[in-house]
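First comes the structure, then the notes that go with it.
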Amino acid sequence: MPATVVVGTQWGDEGKGKLTDLLAREMNMVVRYQGGHNAGHTIVVDGESFALQLLPSGVLYPHITPVIGNGVVVDPGVLLDEIDLLTSRGIDCSKLKVSGNAHLIMPYHQELDAIIERYLGRNKLGTTRRGIGPAYADKASRVGLRVQDLLDPKIFRQKLEVVLKEKNQILAKVYNRLPLSIDDIAKRYLDDYAPRLAPMIGDCVGLVHEALEAGQAILLEGAQATFLDLDHGTYPFVTSSNPVAGGACVGAGIGPRHIDKVIGIAKAYCTRVGAGPFPTEQFEGVGEVLVDRGHEYGTVTGRRRRPGWFDAVMVRHAVRLNSLSEIAVTKLDVLDTFATLKVCVAYDHDGVRHRHLPYHQTVLHEVTPVYEELPGWETDLTEATELRELPAAAKDYIHFLADQCGVPIRLVGVGPGRDQLVRFDS
């Protein structure tokens with residue numbers, strides 16, 4: 001059975017975890033294919049909130065095999081803490097599998113991430129300072145340590161000696177920091193983490209293909225979103241991996257022939273965290289309402305998100321980049337109190353109108369959004385369970401978004417709960 005990819009179409013925080021959780025009911029395996037613990041998914045089940053950072057969202061279902069793929073960078077301490085927390089709340093994590101080819105986040109990655117971000121000052125990127133970028137940089141430089149290295153203490157220590165010699169020189173000579181101890185790091189990773197992780201580590205490429213060959217349903221889950229993609233996002237204000245649908249093939253170890261559906265997730269408005277261009281950003285008034293009603297604070301960092309109106313130019317580009325087959329819109333209920341809504345349908349810049357995303361970042365920083373105004377519904381949507389229960393203005397808004405983005409909208413979220421969804425056919 002072919003696989004399904006779930007991908008964010010904006011700057012993250014669109015509600016991918018909730019949709020993944022919904023789709024997982026019909027799946028056998030959920031694979032996280034990139035990112036690290038710098039992105040969180042929040043899922044509400046029977047009024048109880050679960051904030052996941054590394055574990056695939058499908059872990060909440062006992063029938064699912066959750067997999068952390070080779071494209072992920074793993075902080076073993078964070079992963080084990082997350083497992084312990086879920087276990088204490090009655091969630092069985094014993095089926096979890098972690099790719100031996102996934103890369104490890106090391107203490108020097110976190111140290112360098114925090115220091116470099118501080119040194120950038122006004123030009124900082126807004127990273128979460130969790131070592132994600134430096135870990136991916138070491139992966140590309142071919143000096144990274146992988147999860148499988150935890151199973152061979154001799155190899156682990158040899159690799160660590162080589163890389164730590166260089167990192168300590170950078171810490172000491174460039175940033176005037178004390179060197180890190182190889183013995184302390186080796187003890188923590190080999191004595192504390194390795195014994196607990198060993199039963200979970202394996203050949204996840206083989207595992208995924210065996211599931212495909214057996215006709216099982218697989219869901220591929222990314223972190224972050226399209227416009228945080230290293231190649232296609234608003235560089236340099238991006239993550240260090242490829243959240244786009246194509247990244248699912250690399251990060252899970254399958255070819256594109258095995259994927260038959262790509263579902264994009266979009267908020268009914270837009271947010272982003274950290275620095276970078278944001279054409280539809282709103283501040284006082286509208287912005288404060290969106291933040292307050294949408295509880296727009298990061299799952300992992302707690303940082304306030306920057307809010308704005310829905311940007312159809314962005315999502316059109318996401319449709320192209322990901323070959324989206326459909327879109328799910330989340331948080332429609334956050335717009336319940338607005339008498340008038342705005343949707344950005346194009347950008348103006350220097351006398352030129354852009355219906356598609358300009359490739360040059362200078363242009364993107366300077367564009368003026370072109371808005372279409374639509375009437376709001378000023379009605380509480382959170383109790384709606386069927387399409388007929390939505391006000392006409394709410395349905396018109398969704399139809400308008402679908403027309404602007406060019407693909408059908410199949411699901412609409414009307415609240416944070418697992419089942420607060422309305423099936424829609426735009």
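Simple scheme: letters A, B, ... for chains in structure tokens order, numbers from 1 for residues in each chain, numbers from 1 for ligands in the order shown.
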Exercise. Select from range 181-220 of chain A everything DSSP, run on the backbone, classes as helix (DSSP H, G or I), then give the selection as JSON, numbers by chain.
Key: {"A": [182, 183, 184, 185, 186, 187, 188, 189, 190, 191, 192, 193, 194, 195, 196, 197, 198, 199, 200, 204, 205, 206, 207, 208, 209, 210, 211, 212, 213]}
Practice problem: Find the residues around range 58-73 of chain A up to 7 Å (only C-alpha atoms counted), leave out those fewer than 4 positions away in its own chain, and share them as a PyMOL selection string. | Solution: chain A and resi 20-21+24+27-36+91-93+95-99+101-105+132+135+204+250-252
Store the residues of this selection in a file with N, CA, C and O atoms, as a compact mmCIF listing (two decimals), in the first residue's frame.
# COMPACT_ATOMS: atom_id res chain seq x y z
N THR A 20 -1.97 14.27 11.89
CA THR A 20 -1.26 12.99 11.89
C THR A 20 -1.93 12.03 12.86
O THR A 20 -2.10 10.84 12.56
N ASP A 21 -2.31 12.54 14.01
CA ASP A 21 -3.01 11.73 14.99
C ASP A 21 -4.32 11.19 14.43
O ASP A 21 -4.66 10.02 14.60
N ALA A 24 -3.57 8.58 11.71
CA ALA A 24 -2.92 7.38 12.25
C ALA A 24 -3.92 6.29 12.61
O ALA A 24 -3.56 5.11 12.68
N MET A 27 -3.68 3.89 9.90
CA MET A 27 -2.33 3.53 9.49
C MET A 27 -1.78 2.39 10.34
O MET A 27 -2.31 2.06 11.40
N ASN A 28 -0.68 1.82 9.85
CA ASN A 28 0.03 0.80 10.61
C ASN A 28 1.36 1.31 11.16
O ASN A 28 1.87 0.80 12.15
N MET A 29 1.89 2.33 10.48
CA MET A 29 3.20 2.86 10.86
C MET A 29 3.23 4.36 10.62
O MET A 29 2.70 4.84 9.62
N VAL A 30 3.85 5.10 11.55
CA VAL A 30 4.05 6.54 11.38
C VAL A 30 5.55 6.80 11.48
O VAL A 30 6.18 6.45 12.48
N VAL A 31 6.11 7.43 10.44
CA VAL A 31 7.55 7.67 10.36
C VAL A 31 7.83 9.16 10.42
O VAL A 31 7.33 9.93 9.60
N ARG A 32 8.62 9.56 11.39
CA ARG A 32 9.12 10.95 11.44
C ARG A 32 10.36 11.00 10.56
O ARG A 32 11.31 10.24 10.77
N TYR A 33 10.39 11.90 9.55
CA TYR A 33 11.45 11.81 8.56
C TYR A 33 12.51 12.90 8.62
O TYR A 33 13.51 12.81 7.89
N GLN A 34 12.36 13.94 9.43
CA GLN A 34 13.42 14.97 9.53
C GLN A 34 13.21 15.81 10.77
O GLN A 34 12.23 15.64 11.49
N GLY A 35 14.16 16.72 11.01
CA GLY A 35 14.06 17.62 12.14
C GLY A 35 14.57 17.00 13.43
O GLY A 35 15.08 15.88 13.46
N GLY A 36 14.42 17.76 14.49
CA GLY A 36 14.83 17.28 15.80
C GLY A 36 13.81 17.70 16.83
O GLY A 36 12.63 17.84 16.53
N ILE A 91 0.93 5.77 28.23
CA ILE A 91 1.15 5.54 26.81
C ILE A 91 2.28 4.52 26.63
O ILE A 91 3.37 4.70 27.17
N ASP A 92 2.02 3.45 25.88
CA ASP A 92 3.02 2.40 25.64
C ASP A 92 3.94 2.82 24.49
O ASP A 92 3.48 3.01 23.36
N CYS A 93 5.22 2.98 24.77
CA CYS A 93 6.19 3.39 23.75
C CYS A 93 7.09 2.24 23.33
O CYS A 93 8.11 2.46 22.65
N LYS A 95 6.92 -0.03 21.14
CA LYS A 95 7.05 -0.36 19.71
C LYS A 95 7.97 0.60 18.97
O LYS A 95 8.26 0.39 17.78
N LEU A 96 8.44 1.65 19.61
CA LEU A 96 9.25 2.66 18.95
C LEU A 96 10.52 2.06 18.35
O LEU A 96 11.22 1.28 18.98
N LYS A 97 10.80 2.45 17.10
CA LYS A 97 12.04 2.07 16.44
C LYS A 97 12.79 3.33 16.02
O LYS A 97 12.19 4.29 15.53
N VAL A 98 14.10 3.31 16.22
CA VAL A 98 14.95 4.46 15.88
C VAL A 98 15.99 4.02 14.87
O VAL A 98 16.70 3.02 15.08
N SER A 99 16.08 4.74 13.76
CA SER A 99 17.04 4.38 12.72
C SER A 99 18.47 4.49 13.24
O SER A 99 18.86 5.50 13.84
N ASN A 101 20.85 5.00 11.42
CA ASN A 101 21.51 6.00 10.59
C ASN A 101 21.14 7.43 10.97
O ASN A 101 21.67 8.39 10.37
N ALA A 102 20.23 7.61 11.89
CA ALA A 102 19.93 8.96 12.38
C ALA A 102 21.14 9.50 13.12
O ALA A 102 21.92 8.75 13.71
N HIS A 103 21.32 10.81 13.08
CA HIS A 103 22.49 11.43 13.71
C HIS A 103 22.17 11.89 15.12
O HIS A 103 21.03 12.26 15.43
N LEU A 104 23.20 11.86 15.95
CA LEU A 104 23.08 12.26 17.35
C LEU A 104 23.35 13.75 17.53
O LEU A 104 24.26 14.30 16.92
N ILE A 105 22.56 14.37 18.38
CA ILE A 105 22.87 15.72 18.85
C ILE A 105 23.77 15.56 20.07
O ILE A 105 23.43 14.85 21.01
N ILE A 132 20.33 21.70 16.77
CA ILE A 132 19.86 21.07 15.54
C ILE A 132 20.76 21.44 14.36
O ILE A 132 21.25 20.57 13.64
N ALA A 135 24.29 20.01 14.46
CA ALA A 135 24.27 18.56 14.24
C ALA A 135 24.15 18.25 12.75
O ALA A 135 24.84 17.36 12.23
N CYS A 204 15.71 0.83 9.92
CA CYS A 204 14.36 1.34 9.69
C CYS A 204 14.00 1.39 8.21
O CYS A 204 12.82 1.34 7.86
N VAL A 250 14.03 10.92 1.32
CA VAL A 250 15.40 10.83 1.83
C VAL A 250 15.39 10.43 3.30
O VAL A 250 16.14 9.56 3.74
N GLY A 251 14.53 11.08 4.07
CA GLY A 251 14.54 10.90 5.52
C GLY A 251 13.94 9.61 6.02
O GLY A 251 14.13 9.24 7.18
N ALA A 252 13.20 8.91 5.15
CA ALA A 252 12.61 7.63 5.54
C ALA A 252 13.18 6.47 4.74
O ALA A 252 12.96 5.31 5.09
Practice problem: Quote the spacing between CA of Ser181 in chain A and CA of Leu85 in chain A in Å to one decimal place. | Solution: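 It comes out at 29.0 Å.
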Self-check item: Between CA of Val6 in chain A and CA of Gln216 in chain A, distance in Å (one decimal)
Solution: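 Between these atoms lies a distance of 17.1 Å.
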Quiz prompt | For range 263-265 of chain A: contacts at 8 Å, only C-alpha atoms, fewer than 4 positions along chain excluded, given as a list of chain:residue names | solution =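 The contact residues come out as A:Thr4, A:Val5, A:Val6, A:Val7, A:Gly8, A:Thr9, A:Glu14, A:Gly15, A:Lys16, A:Val319, A:Leu324, A:Ser325, A:Glu326, A:Ile327, A:Ala328, A:Val329, A:Thr330.
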Practice problem: Could you pull out the residues in range 264-341 of chain A that DSSP calls strand (DSSP E or B) from the backbone, as a ChimeraX atom specification? | Solution: /A:264-267,270-272,281,297,304,306-308,310-311,326-330,340-341
Residues from last step as file, N, CA, C and O atoms, as an mmCIF file, in the first residue's frame:
data_model
loop_
_atom_site.group_PDB
_atom_site.id
_atom_site.type_symbol
_atom_site.label_atom_id
_atom_site.label_comp_id
_atom_site.auth_asym_id
_atom_site.auth_seq_id
_atom_site.Cartn_x
_atom_site.Cartn_y
_atom_site.Cartn_z
ATOM 1 N N GLY A 264 -1.282 18.718 2.681
ATOM 2 C CA GLY A 264 -0.721 19.929 3.249
ATOM 3 C C GLY A 264 -1.585 20.448 4.378
ATOM 4 O O GLY A 264 -2.812 20.363 4.327
ATOM 5 N N ILE A 265 -0.943 20.983 5.402
ATOM 6 C CA ILE A 265 -1.659 21.550 6.542
ATOM 7 C C ILE A 265 -1.450 23.051 6.554
ATOM 8 O O ILE A 265 -0.324 23.540 6.412
ATOM 9 N N ALA A 266 -2.550 23.794 6.693
ATOM 10 C CA ALA A 266 -2.467 25.251 6.746
ATOM 11 C C ALA A 266 -3.385 25.776 7.833
ATOM 12 O O ALA A 266 -4.518 25.304 7.981
ATOM 13 N N LYS A 267 -2.901 26.731 8.607
ATOM 14 C CA LYS A 267 -3.786 27.450 9.521
ATOM 15 C C LYS A 267 -4.735 28.319 8.712
ATOM 16 O O LYS A 267 -4.421 28.741 7.592
ATOM 17 N N CYS A 270 -2.068 32.791 9.626
ATOM 18 C CA CYS A 270 -0.662 32.421 9.472
ATOM 19 C C CYS A 270 0.135 32.879 10.688
ATOM 20 O O CYS A 270 -0.176 33.914 11.288
ATOM 21 N N THR A 271 1.159 32.105 11.037
ATOM 22 C CA THR A 271 2.091 32.515 12.092
ATOM 23 C C THR A 271 3.494 32.081 11.720
ATOM 24 O O THR A 271 3.682 31.175 10.908
ATOM 25 N N ARG A 272 4.467 32.723 12.339
ATOM 26 C CA ARG A 272 5.836 32.212 12.282
ATOM 27 C C ARG A 272 6.540 32.578 13.579
ATOM 28 O O ARG A 272 6.132 33.520 14.273
ATOM 29 N N GLU A 281 2.012 39.983 8.176
ATOM 30 C CA GLU A 281 2.089 40.087 9.638
ATOM 31 C C GLU A 281 1.204 41.213 10.163
ATOM 32 O O GLU A 281 1.139 42.293 9.583
ATOM 33 N N TYR A 297 1.821 30.339 21.169
ATOM 34 C CA TYR A 297 3.106 30.273 21.846
ATOM 35 C C TYR A 297 3.715 28.914 21.547
ATOM 36 O O TYR A 297 3.019 27.900 21.527
ATOM 37 N N ARG A 304 6.405 33.623 21.845
ATOM 38 C CA ARG A 304 5.223 34.152 21.183
ATOM 39 C C ARG A 304 5.411 34.093 19.674
ATOM 40 O O ARG A 304 6.447 34.489 19.144
ATOM 41 N N ARG A 306 4.537 35.151 15.773
ATOM 42 C CA ARG A 306 4.134 36.345 15.024
ATOM 43 C C ARG A 306 2.898 35.989 14.186
ATOM 44 O O ARG A 306 2.934 35.017 13.424
ATOM 45 N N PRO A 307 1.803 36.739 14.321
ATOM 46 C CA PRO A 307 0.569 36.376 13.633
ATOM 47 C C PRO A 307 0.312 37.218 12.380
ATOM 48 O O PRO A 307 0.814 38.349 12.249
ATOM 49 N N GLY A 308 -0.503 36.695 11.475
ATOM 50 C CA GLY A 308 -0.894 37.452 10.298
ATOM 51 C C GLY A 308 -2.043 36.798 9.569
ATOM 52 O O GLY A 308 -2.483 35.687 9.911
ATOM 53 N N PHE A 310 -4.065 34.976 6.384
ATOM 54 C CA PHE A 310 -3.757 33.857 5.488
ATOM 55 C C PHE A 310 -3.094 34.399 4.219
ATOM 56 O O PHE A 310 -3.559 35.361 3.612
ATOM 57 N N ASP A 311 -2.013 33.732 3.798
ATOM 58 C CA ASP A 311 -1.255 34.161 2.624
ATOM 59 C C ASP A 311 -1.379 33.087 1.547
ATOM 60 O O ASP A 311 -0.674 32.075 1.570
ATOM 61 N N GLU A 326 -4.179 17.553 -1.490
ATOM 62 C CA GLU A 326 -5.271 18.191 -0.760
ATOM 63 C C GLU A 326 -4.693 18.980 0.407
ATOM 64 O O GLU A 326 -3.512 18.858 0.728
ATOM 65 N N ILE A 327 -5.549 19.785 1.026
ATOM 66 C CA ILE A 327 -5.148 20.598 2.178
ATOM 67 C C ILE A 327 -6.129 20.383 3.314
ATOM 68 O O ILE A 327 -7.324 20.186 3.087
ATOM 69 N N ALA A 328 -5.614 20.395 4.516
ATOM 70 C CA ALA A 328 -6.443 20.452 5.720
ATOM 71 C C ALA A 328 -6.210 21.810 6.373
ATOM 72 O O ALA A 328 -5.064 22.225 6.555
ATOM 73 N N VAL A 329 -7.274 22.516 6.688
ATOM 74 C CA VAL A 329 -7.179 23.838 7.321
ATOM 75 C C VAL A 329 -7.485 23.697 8.803
ATOM 76 O O VAL A 329 -8.492 23.089 9.185
ATOM 77 N N THR A 330 -6.622 24.234 9.639
ATOM 78 C CA THR A 330 -6.797 24.138 11.084
ATOM 79 C C THR A 330 -7.145 25.501 11.676
ATOM 80 O O THR A 330 -6.988 26.540 11.050
ATOM 81 N N THR A 340 -14.792 40.995 9.715
ATOM 82 C CA THR A 340 -14.227 40.983 8.363
ATOM 83 C C THR A 340 -12.894 40.245 8.396
ATOM 84 O O THR A 340 -12.106 40.415 9.329
ATOM 85 N N LEU A 341 -12.657 39.433 7.381
ATOM 86 C CA LEU A 341 -11.415 38.673 7.273
ATOM 87 C C LEU A 341 -10.672 39.101 6.017
ATOM 88 O O LEU A 341 -11.278 39.528 5.031
#
